[in-house]
Structure formats: C-alpha cells, structure tokens
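Visitor: Here it is, the structure, as structure tokens.
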Amino acid sequence: MVIFPIMLIAERTLQHWIDNFYGYGSWQARFWFVGYEESGGDVPDEVAEKFNYFHHVQATSAPALCDIRELYRHIAFRVEGPRAEKFATLHDQRFGSHATLHGAWKNLIGFVHGYQNKKLPAQLTYQQNSFASTAAPNEALIQLYPLPAHNHAWYYSWLDLPQFPFLKSRALYQDHVYPIRMSNILQNINLYKPEVVLMYGMDNINLLKESVLKLFPGAKFKMVKAIKQEIPQHHRADFNGTTLLITTQIPALRHNRVETGFDWYKFGKLVKG
C-alpha cells in the first residue's frame, strides 16, 4: 500500500498539473501518440517532483507539453538493485550515455519509421537523441489522463484533500477530467493538424469516437481487423488532414508474452498505405 503524504503534494501544484499537463514534446509534431495516462505514481516523491517541476516551468494556465528530457533531469531514479549505481535520474535511464531502451517507445519509433518508409534506425540512439524532442519536433507523447498512475492501483484516494473529492476513485477522476481534456486535444488537432494521431491502450473506444464526431461531424470511422502478431485491431478516421487511429492495444508486450505483441513498423507502413 502506498500512502501519499500531504506534505509532499501541494494543492496548487496538483491542480496545475491536472489542468495544464498534457504530455511531452511539441504540438507542432507530425506524430501524436496519445497514451491512456501518465506512467508512474508508485512513489510519492517522484509524483511530487513531477508536479513541482511542471508548476515551476509552466506558470501559465493552458494545455501544455513540456520537454521530457528536462523534466526527467529533475526526477530521481529510485529503483533499487544493480541499476541504482548507473542512474541518478530518469534522464540518465532514458537519455544518458548508458540509457536503456523503453519497451513502448521502441515500437512507437518503429511505427514512425514504417509510416515514413524509412529504414529502422538504432532505436536506442534515436531515443537518446531525437524521440519526442522539442528541438526538432517529430513526435509528441500526450496523455489522455494526466495523473501518474499504476494500472492496478489508485493511490490518490489517500490524499487528504477534501477540495478534490473526485480523487476518491479512479472512475470519479476520469469522469471529472475527460470532457475538458478530450476537448482540448481535439481542438489542438484542429489547430495544429498533425499528420497522424495514434491513441493506444484505450478502453473507451465508443466514447472517444463520439467525442471526435461532435467536433468533426464529417469524420467516418472504419474498423480494421487485427493480424495476429502483426497489426493490432484499430479504428481509423481521416479528417481535416489528420489520420486518427484508436486501439485498445499498447505498443509493448503484455506480461512479457511474445504472442501479445505486434509489429508496429508494419503497422506504420499499413497506415501510410
């Protein structure tokens, strides 16, 4: 059981994060990867460090993407074991000279290069130097739900903040934040016109499609069936210069089982057609 001490997480930084944090990279990126929620959430100190950093660098109130490399420099690496001696921060773990390849990011890198019909690069090198960079924006990592959370636990119910009653359960929280966040993401799609938006790991497909159709009534969704271990089942709509893909699948193996994975490079090639 993890209990979030109130002294670690301040009301103002929590509210600012919920209202304004949308992920990493740049809205000008060609490829938007929209995950279900921000990862992490098991360690109160890590959550507080994220909130504090974002509140410091993003003072204004507006849907914002931040520099993942700079944020990760301010988050301590807290995993115990042999790796603890190699990494001081999350930046060291993902972008430093001895970085390790992220299991999901490598497949998103594959998707991008398949879509562009480019040879797959050395994925670790691409991750270190280019992936989700704000300097040369190609990919954006966006979160439908902002709070760092674990798939099987909801630690925020332990926060003693009566002014946030929706944090008492994950369902209340998601119902509270979904309308404005989805609206802001869709409005930014309309404004910035990314080439591809891939929403992955989603469990609310019908609700997402309904939200899209409210803003883009001319969009027509078609369902593309899965090809085992090659192409995930997904829903596709092309509108306003953007290809939107929605899938329940995540770009990583589930429980390290090979049969749960897909070839995301081939997926990118298929989408481009």
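Ordered as shown in the structure tokens, chains take letters A, B, and onward, while each chain numbers its residues from 1 and ligands are numbered from 1 in the order shown.
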Out of segment 4-92 of chain A, which residues get helix (DSSP H, G or I) from DSSP, as number ranges by chain?
Guide: A: 11-20, 44-57, 68-73, 82-85, 90-92
Visitor: Counting only C-alpha atoms, what are the residues of segment 104-202 of chain A within 10 Å of segment 64-88 of chain A, and for each of them which pair of atoms is the nearest and at what distance in Å, to one decimal? Sort the table by chain and rising number, as JSON lines.
Guide:
```
{"residue": "A:Gln128", "atom": "CA", "partner": "A:Arg69", "partner_atom": "CA", "distance": 9.2}
{"residue": "A:Asn129", "atom": "CA", "partner": "A:Arg69", "partner_atom": "CA", "distance": 9.9}
{"residue": "A:Phe131", "atom": "CA", "partner": "A:Ile68", "partner_atom": "CA", "distance": 9.7}
{"residue": "A:Ala132", "atom": "CA", "partner": "A:Ile68", "partner_atom": "CA", "distance": 7.5}
{"residue": "A:Ser133", "atom": "CA", "partner": "A:Asp67", "partner_atom": "CA", "distance": 7.2}
{"residue": "A:Thr134", "atom": "CA", "partner": "A:Asp67", "partner_atom": "CA", "distance": 6.2}
{"residue": "A:Ala135", "atom": "CA", "partner": "A:Asp67", "partner_atom": "CA", "distance": 9.2}
{"residue": "A:Ala140", "atom": "CA", "partner": "A:Leu65", "partner_atom": "CA", "distance": 8.1}
{"residue": "A:Leu141", "atom": "CA", "partner": "A:Leu65", "partner_atom": "CA", "distance": 8.4}
{"residue": "A:Ile142", "atom": "CA", "partner": "A:Leu65", "partner_atom": "CA", "distance": 7.7}
{"residue": "A:Gln143", "atom": "CA", "partner": "A:Leu65", "partner_atom": "CA", "distance": 9.9}
```
Visitor: Keeping N, CA and C atoms for every residue in the selection just given, could you write it to a file as a JSON list (two decimals), in the first residue's frame?
Guide:
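The resulting file, out-v2.json, is reproduced below:
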```json
[["chain", "number", "residue", "atom", "x", "y", "z"],
["A", 128, "GLN", "N", 17.64, 8.34, -27.47],
["A", 128, "GLN", "CA", 18.51, 9.26, -26.74],
["A", 128, "GLN", "C", 18.55, 10.65, -27.37],
["A", 129, "ASN", "N", 18.59, 10.70, -28.69],
["A", 129, "ASN", "CA", 18.87, 11.96, -29.37],
["A", 129, "ASN", "C", 17.66, 12.67, -29.97],
["A", 131, "PHE", "N", 13.85, 11.22, -30.04],
["A", 131, "PHE", "CA", 12.47, 10.87, -29.77],
["A", 131, "PHE", "C", 11.79, 11.90, -28.87],
["A", 132, "ALA", "N", 10.63, 12.39, -29.31],
["A", 132, "ALA", "CA", 9.83, 13.37, -28.56],
["A", 132, "ALA", "C", 10.62, 14.62, -28.21],
["A", 133, "SER", "N", 11.56, 14.98, -29.08],
["A", 133, "SER", "CA", 12.39, 16.16, -28.84],
["A", 133, "SER", "C", 11.60, 17.43, -29.13],
["A", 134, "THR", "N", 11.85, 18.47, -28.34],
["A", 134, "THR", "CA", 11.25, 19.77, -28.61],
["A", 134, "THR", "C", 12.09, 20.57, -29.60],
["A", 135, "ALA", "N", 13.36, 20.18, -29.75],
["A", 135, "ALA", "CA", 14.26, 20.92, -30.65],
["A", 135, "ALA", "C", 13.94, 20.64, -32.11],
["A", 140, "ALA", "N", 5.08, 13.67, -30.46],
["A", 140, "ALA", "CA", 4.60, 14.18, -29.18],
["A", 140, "ALA", "C", 4.00, 13.02, -28.39],
["A", 141, "LEU", "N", 4.31, 12.97, -27.10],
["A", 141, "LEU", "CA", 3.73, 11.97, -26.20],
["A", 141, "LEU", "C", 2.69, 12.67, -25.34],
["A", 142, "ILE", "N", 1.43, 12.36, -25.58],
["A", 142, "ILE", "CA", 0.32, 13.06, -24.94],
["A", 142, "ILE", "C", -0.44, 12.07, -24.06],
["A", 143, "GLN", "N", -0.99, 12.55, -22.96],
["A", 143, "GLN", "CA", -1.72, 11.68, -22.04],
["A", 143, "GLN", "C", -3.18, 12.10, -21.98]]
```
Visitor: Can you tell me which residues surround segment 172-188 of chain A at a distance of at most 10 Å, considering only C-alpha atoms, apart from same-chain residues fewer than 5 positions away, and format the answer as an mmCIF file with all heavy atoms, in the first residue's frame?
Guide:
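Wrote it out as result_30.cif, contents follow:
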```cif
data_model
loop_
_atom_site.group_PDB
_atom_site.id
_atom_site.type_symbol
_atom_site.label_atom_id
_atom_site.label_comp_id
_atom_site.auth_asym_id
_atom_site.auth_seq_id
_atom_site.Cartn_x
_atom_site.Cartn_y
_atom_site.Cartn_z
ATOM 1 N N ILE A 18 -3.119 18.795 -13.171
ATOM 2 C CA ILE A 18 -4.361 18.247 -13.721
ATOM 3 C C ILE A 18 -4.904 19.141 -14.829
ATOM 4 O O ILE A 18 -5.351 18.660 -15.879
ATOM 5 C CB ILE A 18 -5.415 18.080 -12.607
ATOM 6 C CG1 ILE A 18 -5.001 16.963 -11.644
ATOM 7 C CG2 ILE A 18 -6.790 17.775 -13.197
ATOM 8 C CD1 ILE A 18 -5.907 16.826 -10.433
ATOM 9 N N ASP A 19 -4.842 20.442 -14.623
ATOM 10 C CA ASP A 19 -5.433 21.377 -15.578
ATOM 11 C C ASP A 19 -4.590 21.587 -16.831
ATOM 12 O O ASP A 19 -5.143 21.804 -17.920
ATOM 13 C CB ASP A 19 -5.639 22.747 -14.916
ATOM 14 C CG ASP A 19 -6.720 22.727 -13.851
ATOM 15 O OD1 ASP A 19 -7.508 21.755 -13.821
ATOM 16 O OD2 ASP A 19 -6.771 23.681 -13.053
ATOM 17 N N ASN A 20 -3.268 21.515 -16.709
ATOM 18 C CA ASN A 20 -2.411 22.009 -17.790
ATOM 19 C C ASN A 20 -1.419 21.016 -18.369
ATOM 20 O O ASN A 20 -0.924 21.224 -19.473
ATOM 21 C CB ASN A 20 -1.633 23.244 -17.298
ATOM 22 C CG ASN A 20 -2.556 24.343 -16.822
ATOM 23 O OD1 ASN A 20 -3.333 24.883 -17.595
ATOM 24 N ND2 ASN A 20 -2.494 24.661 -15.536
ATOM 25 N N PHE A 21 -1.100 19.944 -17.650
ATOM 26 C CA PHE A 21 -0.118 18.990 -18.174
ATOM 27 C C PHE A 21 -0.780 18.044 -19.172
ATOM 28 O O PHE A 21 -1.721 17.322 -18.840
ATOM 29 C CB PHE A 21 0.506 18.167 -17.046
ATOM 30 C CG PHE A 21 1.404 17.067 -17.558
ATOM 31 C CD1 PHE A 21 2.690 17.344 -17.978
ATOM 32 C CD2 PHE A 21 0.950 15.757 -17.636
ATOM 33 C CE1 PHE A 21 3.510 16.340 -18.467
ATOM 34 C CE2 PHE A 21 1.765 14.744 -18.116
ATOM 35 C CZ PHE A 21 3.053 15.036 -18.537
ATOM 36 N N TYR A 22 -0.258 18.054 -20.418
ATOM 37 C CA TYR A 22 -0.794 17.173 -21.457
ATOM 38 C C TYR A 22 0.252 16.203 -22.003
ATOM 39 O O TYR A 22 -0.080 15.349 -22.818
ATOM 40 C CB TYR A 22 -1.408 18.000 -22.596
ATOM 41 C CG TYR A 22 -2.815 18.439 -22.274
ATOM 42 C CD1 TYR A 22 -3.046 19.433 -21.324
ATOM 43 C CD2 TYR A 22 -3.920 17.847 -22.878
ATOM 44 C CE1 TYR A 22 -4.339 19.823 -20.994
ATOM 45 C CE2 TYR A 22 -5.215 18.231 -22.558
ATOM 46 C CZ TYR A 22 -5.416 19.217 -21.615
ATOM 47 O OH TYR A 22 -6.701 19.580 -21.292
ATOM 48 N N TRP A 27 3.370 20.544 -29.794
ATOM 49 C CA TRP A 27 2.114 20.449 -30.536
ATOM 50 C C TRP A 27 2.360 20.491 -32.042
ATOM 51 O O TRP A 27 1.507 20.064 -32.830
ATOM 52 C CB TRP A 27 1.172 21.590 -30.144
ATOM 53 C CG TRP A 27 0.675 21.567 -28.721
ATOM 54 C CD1 TRP A 27 0.937 22.495 -27.750
ATOM 55 C CD2 TRP A 27 -0.186 20.596 -28.103
ATOM 56 N NE1 TRP A 27 0.304 22.161 -26.574
ATOM 57 C CE2 TRP A 27 -0.406 21.008 -26.762
ATOM 58 C CE3 TRP A 27 -0.800 19.426 -28.561
ATOM 59 C CZ2 TRP A 27 -1.201 20.279 -25.877
ATOM 60 C CZ3 TRP A 27 -1.594 18.713 -27.668
ATOM 61 C CH2 TRP A 27 -1.789 19.132 -26.353
ATOM 62 N N GLN A 28 3.507 20.996 -32.460
ATOM 63 C CA GLN A 28 3.822 21.064 -33.897
ATOM 64 C C GLN A 28 4.316 19.738 -34.468
ATOM 65 O O GLN A 28 4.584 19.644 -35.666
ATOM 66 C CB GLN A 28 4.890 22.141 -34.161
ATOM 67 C CG GLN A 28 4.374 23.577 -34.112
ATOM 68 C CD GLN A 28 4.300 24.130 -32.704
ATOM 69 O OE1 GLN A 28 4.860 23.545 -31.768
ATOM 70 N NE2 GLN A 28 3.618 25.251 -32.535
ATOM 71 N N VAL A 34 -1.006 9.308 -28.218
ATOM 72 C CA VAL A 34 -1.829 9.624 -27.052
ATOM 73 C C VAL A 34 -2.005 8.358 -26.224
ATOM 74 O O VAL A 34 -2.707 7.422 -26.628
ATOM 75 C CB VAL A 34 -3.199 10.188 -27.472
ATOM 76 C CG1 VAL A 34 -4.011 10.575 -26.235
ATOM 77 C CG2 VAL A 34 -3.028 11.387 -28.401
ATOM 78 N N ALA A 62 -2.644 26.856 -19.520
ATOM 79 C CA ALA A 62 -3.003 26.488 -20.892
ATOM 80 C C ALA A 62 -2.547 25.056 -21.110
ATOM 81 O O ALA A 62 -1.574 24.614 -20.488
ATOM 82 C CB ALA A 62 -2.337 27.414 -21.910
ATOM 83 N N PRO A 63 -3.233 24.302 -21.965
ATOM 84 C CA PRO A 63 -2.789 22.925 -22.248
ATOM 85 C C PRO A 63 -1.352 22.932 -22.756
ATOM 86 O O PRO A 63 -1.057 23.549 -23.790
ATOM 87 C CB PRO A 63 -3.768 22.463 -23.332
ATOM 88 C CG PRO A 63 -4.981 23.313 -23.132
ATOM 89 C CD PRO A 63 -4.466 24.653 -22.698
ATOM 90 N N ILE A 142 1.431 12.365 -25.575
ATOM 91 C CA ILE A 142 0.319 13.062 -24.937
ATOM 92 C C ILE A 142 -0.443 12.068 -24.061
ATOM 93 O O ILE A 142 -0.523 10.883 -24.390
ATOM 94 C CB ILE A 142 -0.598 13.683 -26.019
ATOM 95 C CG1 ILE A 142 0.202 14.709 -26.832
ATOM 96 C CG2 ILE A 142 -1.845 14.317 -25.415
ATOM 97 C CD1 ILE A 142 -0.482 15.171 -28.101
ATOM 98 N N GLN A 143 -0.991 12.553 -22.960
ATOM 99 C CA GLN A 143 -1.718 11.682 -22.039
ATOM 100 C C GLN A 143 -3.185 12.098 -21.979
ATOM 101 O O GLN A 143 -3.490 13.267 -21.738
ATOM 102 C CB GLN A 143 -1.115 11.751 -20.633
ATOM 103 C CG GLN A 143 0.397 11.554 -20.579
ATOM 104 C CD GLN A 143 0.866 10.251 -21.180
ATOM 105 O OE1 GLN A 143 0.089 9.308 -21.299
ATOM 106 N NE2 GLN A 143 2.130 10.187 -21.573
ATOM 107 N N LEU A 144 -4.066 11.123 -22.185
ATOM 108 C CA LEU A 144 -5.488 11.410 -22.046
ATOM 109 C C LEU A 144 -5.810 11.776 -20.602
ATOM 110 O O LEU A 144 -6.561 12.720 -20.349
ATOM 111 C CB LEU A 144 -6.312 10.202 -22.491
ATOM 112 C CG LEU A 144 -7.837 10.337 -22.403
ATOM 113 C CD1 LEU A 144 -8.330 11.517 -23.236
ATOM 114 C CD2 LEU A 144 -8.517 9.045 -22.844
ATOM 115 N N TYR A 145 -5.259 11.027 -19.652
ATOM 116 C CA TYR A 145 -5.451 11.315 -18.231
ATOM 117 C C TYR A 145 -4.100 11.698 -17.636
ATOM 118 O O TYR A 145 -3.105 10.997 -17.845
ATOM 119 C CB TYR A 145 -6.046 10.104 -17.518
ATOM 120 C CG TYR A 145 -7.430 9.751 -18.025
ATOM 121 C CD1 TYR A 145 -7.643 8.611 -18.799
ATOM 122 C CD2 TYR A 145 -8.521 10.568 -17.749
ATOM 123 C CE1 TYR A 145 -8.909 8.299 -19.281
ATOM 124 C CE2 TYR A 145 -9.788 10.267 -18.224
ATOM 125 C CZ TYR A 145 -9.977 9.127 -18.992
ATOM 126 O OH TYR A 145 -11.225 8.830 -19.470
ATOM 127 N N PRO A 146 -4.035 12.799 -16.871
ATOM 128 C CA PRO A 146 -2.731 13.378 -16.525
ATOM 129 C C PRO A 146 -2.008 12.790 -15.329
ATOM 130 O O PRO A 146 -0.774 12.814 -15.284
ATOM 131 C CB PRO A 146 -3.092 14.844 -16.232
ATOM 132 C CG PRO A 146 -4.497 14.779 -15.714
ATOM 133 C CD PRO A 146 -5.159 13.665 -16.492
ATOM 134 N N LEU A 147 -2.724 12.274 -14.317
ATOM 135 C CA LEU A 147 -2.045 11.875 -13.092
ATOM 136 C C LEU A 147 -1.215 10.611 -13.289
ATOM 137 O O LEU A 147 -1.711 9.627 -13.859
ATOM 138 C CB LEU A 147 -3.064 11.637 -11.970
ATOM 139 C CG LEU A 147 -3.767 12.883 -11.434
ATOM 140 C CD1 LEU A 147 -4.791 12.503 -10.371
ATOM 141 C CD2 LEU A 147 -2.761 13.884 -10.873
ATOM 142 N N TYR A 156 -4.293 7.920 -5.151
ATOM 143 C CA TYR A 156 -4.694 9.299 -4.850
ATOM 144 C C TYR A 156 -5.869 9.381 -3.880
ATOM 145 O O TYR A 156 -6.133 10.447 -3.319
ATOM 146 C CB TYR A 156 -5.001 10.041 -6.150
ATOM 147 C CG TYR A 156 -3.782 10.178 -7.023
ATOM 148 C CD1 TYR A 156 -3.504 9.236 -8.008
ATOM 149 C CD2 TYR A 156 -2.869 11.208 -6.821
ATOM 150 C CE1 TYR A 156 -2.357 9.328 -8.789
ATOM 151 C CE2 TYR A 156 -1.724 11.318 -7.590
ATOM 152 C CZ TYR A 156 -1.470 10.370 -8.574
ATOM 153 O OH TYR A 156 -0.331 10.457 -9.338
ATOM 154 N N PHE A 164 -10.682 18.116 -3.455
ATOM 155 C CA PHE A 164 -10.590 17.282 -4.648
ATOM 156 C C PHE A 164 -11.396 15.995 -4.434
ATOM 157 O O PHE A 164 -10.830 14.900 -4.433
ATOM 158 C CB PHE A 164 -9.139 16.927 -4.962
ATOM 159 C CG PHE A 164 -8.273 18.095 -5.322
ATOM 160 C CD1 PHE A 164 -7.450 18.678 -4.364
ATOM 161 C CD2 PHE A 164 -8.284 18.617 -6.602
ATOM 162 C CE1 PHE A 164 -6.648 19.760 -4.683
ATOM 163 C CE2 PHE A 164 -7.481 19.699 -6.938
ATOM 164 C CZ PHE A 164 -6.668 20.282 -5.977
ATOM 165 N N PRO A 165 -12.705 16.097 -4.274
ATOM 166 C CA PRO A 165 -13.498 14.893 -3.978
ATOM 167 C C PRO A 165 -13.465 13.863 -5.095
ATOM 168 O O PRO A 165 -13.640 12.666 -4.837
ATOM 169 C CB PRO A 165 -14.918 15.446 -3.786
ATOM 170 C CG PRO A 165 -14.935 16.743 -4.527
ATOM 171 C CD PRO A 165 -13.550 17.305 -4.355
ATOM 172 N N PHE A 166 -13.189 14.299 -6.328
ATOM 173 C CA PHE A 166 -13.157 13.369 -7.457
ATOM 174 C C PHE A 166 -11.964 12.426 -7.406
ATOM 175 O O PHE A 166 -11.917 11.437 -8.149
ATOM 176 C CB PHE A 166 -13.164 14.130 -8.787
ATOM 177 C CG PHE A 166 -12.032 15.113 -8.953
ATOM 178 C CD1 PHE A 166 -10.810 14.707 -9.469
ATOM 179 C CD2 PHE A 166 -12.191 16.443 -8.602
ATOM 180 C CE1 PHE A 166 -9.760 15.597 -9.627
ATOM 181 C CE2 PHE A 166 -11.146 17.354 -8.756
ATOM 182 C CZ PHE A 166 -9.930 16.929 -9.273
ATOM 183 N N LEU A 167 -10.997 12.690 -6.527
ATOM 184 C CA LEU A 167 -9.840 11.810 -6.421
ATOM 185 C C LEU A 167 -10.116 10.580 -5.566
ATOM 186 O O LEU A 167 -9.258 9.708 -5.438
ATOM 187 C CB LEU A 167 -8.635 12.560 -5.855
ATOM 188 C CG LEU A 167 -8.032 13.649 -6.748
ATOM 189 C CD1 LEU A 167 -6.837 14.297 -6.056
ATOM 190 C CD2 LEU A 167 -7.621 13.084 -8.097
ATOM 191 N N LYS A 193 -3.083 20.356 -36.795
ATOM 192 C CA LYS A 193 -3.188 19.395 -37.899
ATOM 193 C C LYS A 193 -2.005 18.423 -37.976
ATOM 194 O O LYS A 193 -1.296 18.352 -38.987
ATOM 195 C CB LYS A 193 -3.349 20.133 -39.233
ATOM 196 C CG LYS A 193 -4.635 20.956 -39.299
ATOM 197 C CD LYS A 193 -4.728 21.753 -40.583
ATOM 198 C CE LYS A 193 -6.082 22.429 -40.692
ATOM 199 N NZ LYS A 193 -6.426 23.308 -39.546
ATOM 200 N N PRO A 194 -1.776 17.656 -36.928
ATOM 201 C CA PRO A 194 -0.745 16.619 -37.018
ATOM 202 C C PRO A 194 -1.101 15.620 -38.107
ATOM 203 O O PRO A 194 -2.273 15.413 -38.417
ATOM 204 C CB PRO A 194 -0.787 15.970 -35.628
ATOM 205 C CG PRO A 194 -2.179 16.222 -35.139
ATOM 206 C CD PRO A 194 -2.548 17.568 -35.673
ATOM 207 N N LEU A 208 -14.720 7.820 -27.113
ATOM 208 C CA LEU A 208 -13.749 8.595 -27.875
ATOM 209 C C LEU A 208 -14.288 8.948 -29.255
ATOM 210 O O LEU A 208 -14.170 10.092 -29.718
ATOM 211 C CB LEU A 208 -12.434 7.819 -27.999
ATOM 212 C CG LEU A 208 -11.629 7.629 -26.703
ATOM 213 C CD1 LEU A 208 -10.514 6.611 -26.915
ATOM 214 C CD2 LEU A 208 -11.046 8.965 -26.237
ATOM 215 N N SER A 211 -16.847 11.674 -29.063
ATOM 216 C CA SER A 211 -16.227 12.984 -28.844
ATOM 217 C C SER A 211 -15.665 13.544 -30.142
ATOM 218 O O SER A 211 -15.800 14.743 -30.414
ATOM 219 C CB SER A 211 -15.113 12.865 -27.796
ATOM 220 O OG SER A 211 -15.618 12.422 -26.558
ATOM 221 N N VAL A 212 -15.036 12.686 -30.929
ATOM 222 C CA VAL A 212 -14.470 13.119 -32.208
ATOM 223 C C VAL A 212 -15.575 13.616 -33.129
ATOM 224 O O VAL A 212 -15.458 14.673 -33.774
ATOM 225 C CB VAL A 212 -13.681 11.974 -32.867
ATOM 226 C CG1 VAL A 212 -13.281 12.343 -34.301
ATOM 227 C CG2 VAL A 212 -12.446 11.629 -32.045
ATOM 228 N N LYS A 214 -18.419 14.890 -32.475
ATOM 229 C CA LYS A 214 -19.028 16.153 -32.072
ATOM 230 C C LYS A 214 -18.285 17.337 -32.684
ATOM 231 O O LYS A 214 -18.910 18.327 -33.083
ATOM 232 C CB LYS A 214 -19.028 16.265 -30.547
ATOM 233 C CG LYS A 214 -20.062 15.400 -29.862
ATOM 234 C CD LYS A 214 -20.007 15.571 -28.350
ATOM 235 C CE LYS A 214 -21.032 14.678 -27.653
ATOM 236 N NZ LYS A 214 -20.941 14.805 -26.172
ATOM 237 N N LEU A 215 -16.961 17.245 -32.739
ATOM 238 C CA LEU A 215 -16.173 18.350 -33.296
ATOM 239 C C LEU A 215 -15.950 18.193 -34.789
ATOM 240 O O LEU A 215 -15.879 19.177 -35.525
ATOM 241 C CB LEU A 215 -14.820 18.448 -32.576
ATOM 242 C CG LEU A 215 -13.939 19.645 -32.968
ATOM 243 C CD1 LEU A 215 -14.659 20.967 -32.677
ATOM 244 C CD2 LEU A 215 -12.617 19.606 -32.208
ATOM 245 N N PHE A 216 -15.859 16.945 -35.242
ATOM 246 C CA PHE A 216 -15.630 16.665 -36.671
ATOM 247 C C PHE A 216 -16.763 15.771 -37.172
ATOM 248 O O PHE A 216 -16.587 14.565 -37.355
ATOM 249 C CB PHE A 216 -14.280 15.976 -36.867
ATOM 250 C CG PHE A 216 -13.103 16.751 -36.347
ATOM 251 C CD1 PHE A 216 -12.507 16.411 -35.135
ATOM 252 C CD2 PHE A 216 -12.595 17.829 -37.044
ATOM 253 C CE1 PHE A 216 -11.428 17.116 -34.638
ATOM 254 C CE2 PHE A 216 -11.510 18.551 -36.562
ATOM 255 C CZ PHE A 216 -10.933 18.197 -35.356
#
```
Visitor: Could you jot down the atom CA of His55 of chain A to atom CA of Gly96 of chain A separation for me, Å, one decimal place?
Guide: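 Separation of atom CA of His55 of chain A and atom CA of Gly96 of chain A: 24.6 Å.
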Visitor: As a ChimeraX atom specification, please: the residues near segment 236-245 of chain A (cut-off 9 Å, only C-alpha atoms, same-chain neighbours under 6 positions excluded).
Guide: /A:189-190,193-200,216,218-224,271
Visitor: Can you pull out every residue from segment 57-250 of chain A that DSSP, working from the backbone, puts in strand (DSSP E), and format the result as a ChimeraX atom specification?
Guide: /A:64-66,139-145,196-199,222-224,234-239,242-246
Visitor: Could the residues in this selection be written to a file with N, CA and C atoms, as a tab-separated table (two decimals), in the first residue's frame?
Guide:
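In the end it all went to part33.tsv:
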```tsv
chain	number	residue	atom	x	y	z
A	64	ALA	N	-0.45	22.27	-22.04
A	64	ALA	CA	0.97	22.39	-22.34
A	64	ALA	C	1.64	21.04	-22.46
A	65	LEU	N	2.62	21.00	-23.38
A	65	LEU	CA	3.55	19.88	-23.48
A	65	LEU	C	4.90	20.40	-22.99
A	66	CYS	N	5.63	19.58	-22.27
A	66	CYS	CA	6.92	20.03	-21.76
A	66	CYS	C	8.05	19.18	-22.32
A	139	GLU	N	7.71	13.77	-32.86
A	139	GLU	CA	6.74	13.00	-32.08
A	139	GLU	C	6.34	13.79	-30.83
A	140	ALA	N	5.08	13.67	-30.46
A	140	ALA	CA	4.60	14.18	-29.18
A	140	ALA	C	4.00	13.02	-28.39
A	141	LEU	N	4.31	12.97	-27.10
A	141	LEU	CA	3.73	11.97	-26.20
A	141	LEU	C	2.69	12.67	-25.34
A	142	ILE	N	1.43	12.36	-25.58
A	142	ILE	CA	0.32	13.06	-24.94
A	142	ILE	C	-0.44	12.07	-24.06
A	143	GLN	N	-0.99	12.55	-22.96
A	143	GLN	CA	-1.72	11.68	-22.04
A	143	GLN	C	-3.18	12.10	-21.98
A	144	LEU	N	-4.07	11.12	-22.19
A	144	LEU	CA	-5.49	11.41	-22.05
A	144	LEU	C	-5.81	11.78	-20.60
A	145	TYR	N	-5.26	11.03	-19.65
A	145	TYR	CA	-5.45	11.31	-18.23
A	145	TYR	C	-4.10	11.70	-17.64
A	196	VAL	N	-0.55	12.28	-38.11
A	196	VAL	CA	-1.11	11.06	-37.53
A	196	VAL	C	-1.30	11.27	-36.03
A	197	VAL	N	-2.45	10.85	-35.52
A	197	VAL	CA	-2.69	10.79	-34.08
A	197	VAL	C	-3.04	9.35	-33.76
A	198	LEU	N	-2.20	8.71	-32.96
A	198	LEU	CA	-2.42	7.32	-32.56
A	198	LEU	C	-2.76	7.29	-31.08
A	199	MET	N	-4.01	6.93	-30.77
A	199	MET	CA	-4.45	6.78	-29.39
A	199	MET	C	-4.39	5.29	-29.06
A	222	LYS	N	-13.73	3.61	-39.61
A	222	LYS	CA	-13.80	2.23	-40.08
A	222	LYS	C	-12.93	1.38	-39.17
A	223	MET	N	-13.38	0.17	-38.93
A	223	MET	CA	-12.62	-0.73	-38.06
A	223	MET	C	-11.75	-1.64	-38.91
A	224	VAL	N	-10.49	-1.74	-38.57
A	224	VAL	CA	-9.53	-2.59	-39.27
A	224	VAL	C	-9.19	-3.76	-38.36
A	234	HIS	N	-7.80	-1.80	-34.92
A	234	HIS	CA	-7.87	-0.37	-34.65
A	234	HIS	C	-9.02	0.26	-35.42
A	235	HIS	N	-9.40	1.44	-34.98
A	235	HIS	CA	-10.43	2.23	-35.64
A	235	HIS	C	-9.74	3.43	-36.27
A	236	ARG	N	-10.11	3.73	-37.50
A	236	ARG	CA	-9.43	4.80	-38.25
A	236	ARG	C	-10.43	5.79	-38.81
A	237	ALA	N	-10.05	7.06	-38.72
A	237	ALA	CA	-10.81	8.13	-39.38
A	237	ALA	C	-9.83	9.13	-39.96
A	238	ASP	N	-10.11	9.60	-41.16
A	238	ASP	CA	-9.28	10.62	-41.82
A	238	ASP	C	-10.11	11.89	-41.97
A	239	PHE	N	-9.62	12.98	-41.41
A	239	PHE	CA	-10.37	14.23	-41.47
A	239	PHE	C	-9.41	15.41	-41.30
A	242	THR	N	-5.71	15.00	-41.03
A	242	THR	CA	-5.15	14.14	-39.98
A	242	THR	C	-5.72	12.73	-40.08
A	243	THR	N	-4.87	11.74	-39.87
A	243	THR	CA	-5.31	10.36	-39.72
A	243	THR	C	-5.35	10.04	-38.24
A	244	LEU	N	-6.54	9.70	-37.74
A	244	LEU	CA	-6.72	9.34	-36.33
A	244	LEU	C	-6.89	7.84	-36.21
A	245	LEU	N	-6.10	7.23	-35.34
A	245	LEU	CA	-6.17	5.80	-35.07
A	245	LEU	C	-6.45	5.60	-33.58
A	246	ILE	N	-7.38	4.71	-33.27
A	246	ILE	CA	-7.69	4.39	-31.87
A	246	ILE	C	-7.62	2.88	-31.71
```
Visitor: From the set A:His255, A:Lys118, A:Lys50, A:His16, which residue has the shortest atom-to-atom contact distance to Leu90 of chain A, counting only C-alpha atoms?
Guide: A:Lys50
Visitor: Let me make sure I understand: among A:Glu37, A:Pro232, A:Val258, A:Glu49, which one has the smallest atom-to-atom distance to Ala149 of chain A if we use only C-alpha atoms?
Guide: A:Glu37
Visitor: With a distance cut-off of 8 Å and only C-alpha atoms, select the neighbouring residues of Phe95 of chain A, excluding the residue or stretch itself and same-chain residues fewer than 2 positions from it, and output the selection as a PyMOL selection string.
Guide: chain A and resi 69+91-93+97-99+127-129
Visitor: Neighbouring residues of Ile250 of chain A were defined as those with any atom within 9 Å, considering only C-alpha atoms; residues of the same chain fewer than 6 positions away were excluded. Please report them as a VMD selection string.
Guide: chain A and resid 35 104 200 to 202 261
Visitor: Tell me which of A:Gly268, A:Gly273, A:Pro148, A:Pro251 sits closest to Asp45 of chain A, counting only C-alpha atoms.
Guide: A:Pro148
Visitor: A:Pro217, A:Leu124, A:Thr60, A:Glu11: which is nearest Gly103 of chain A, counting only C-alpha atoms?
Guide: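 Distance minimum relative to Gly103 of chain A lands on A:Leu124.
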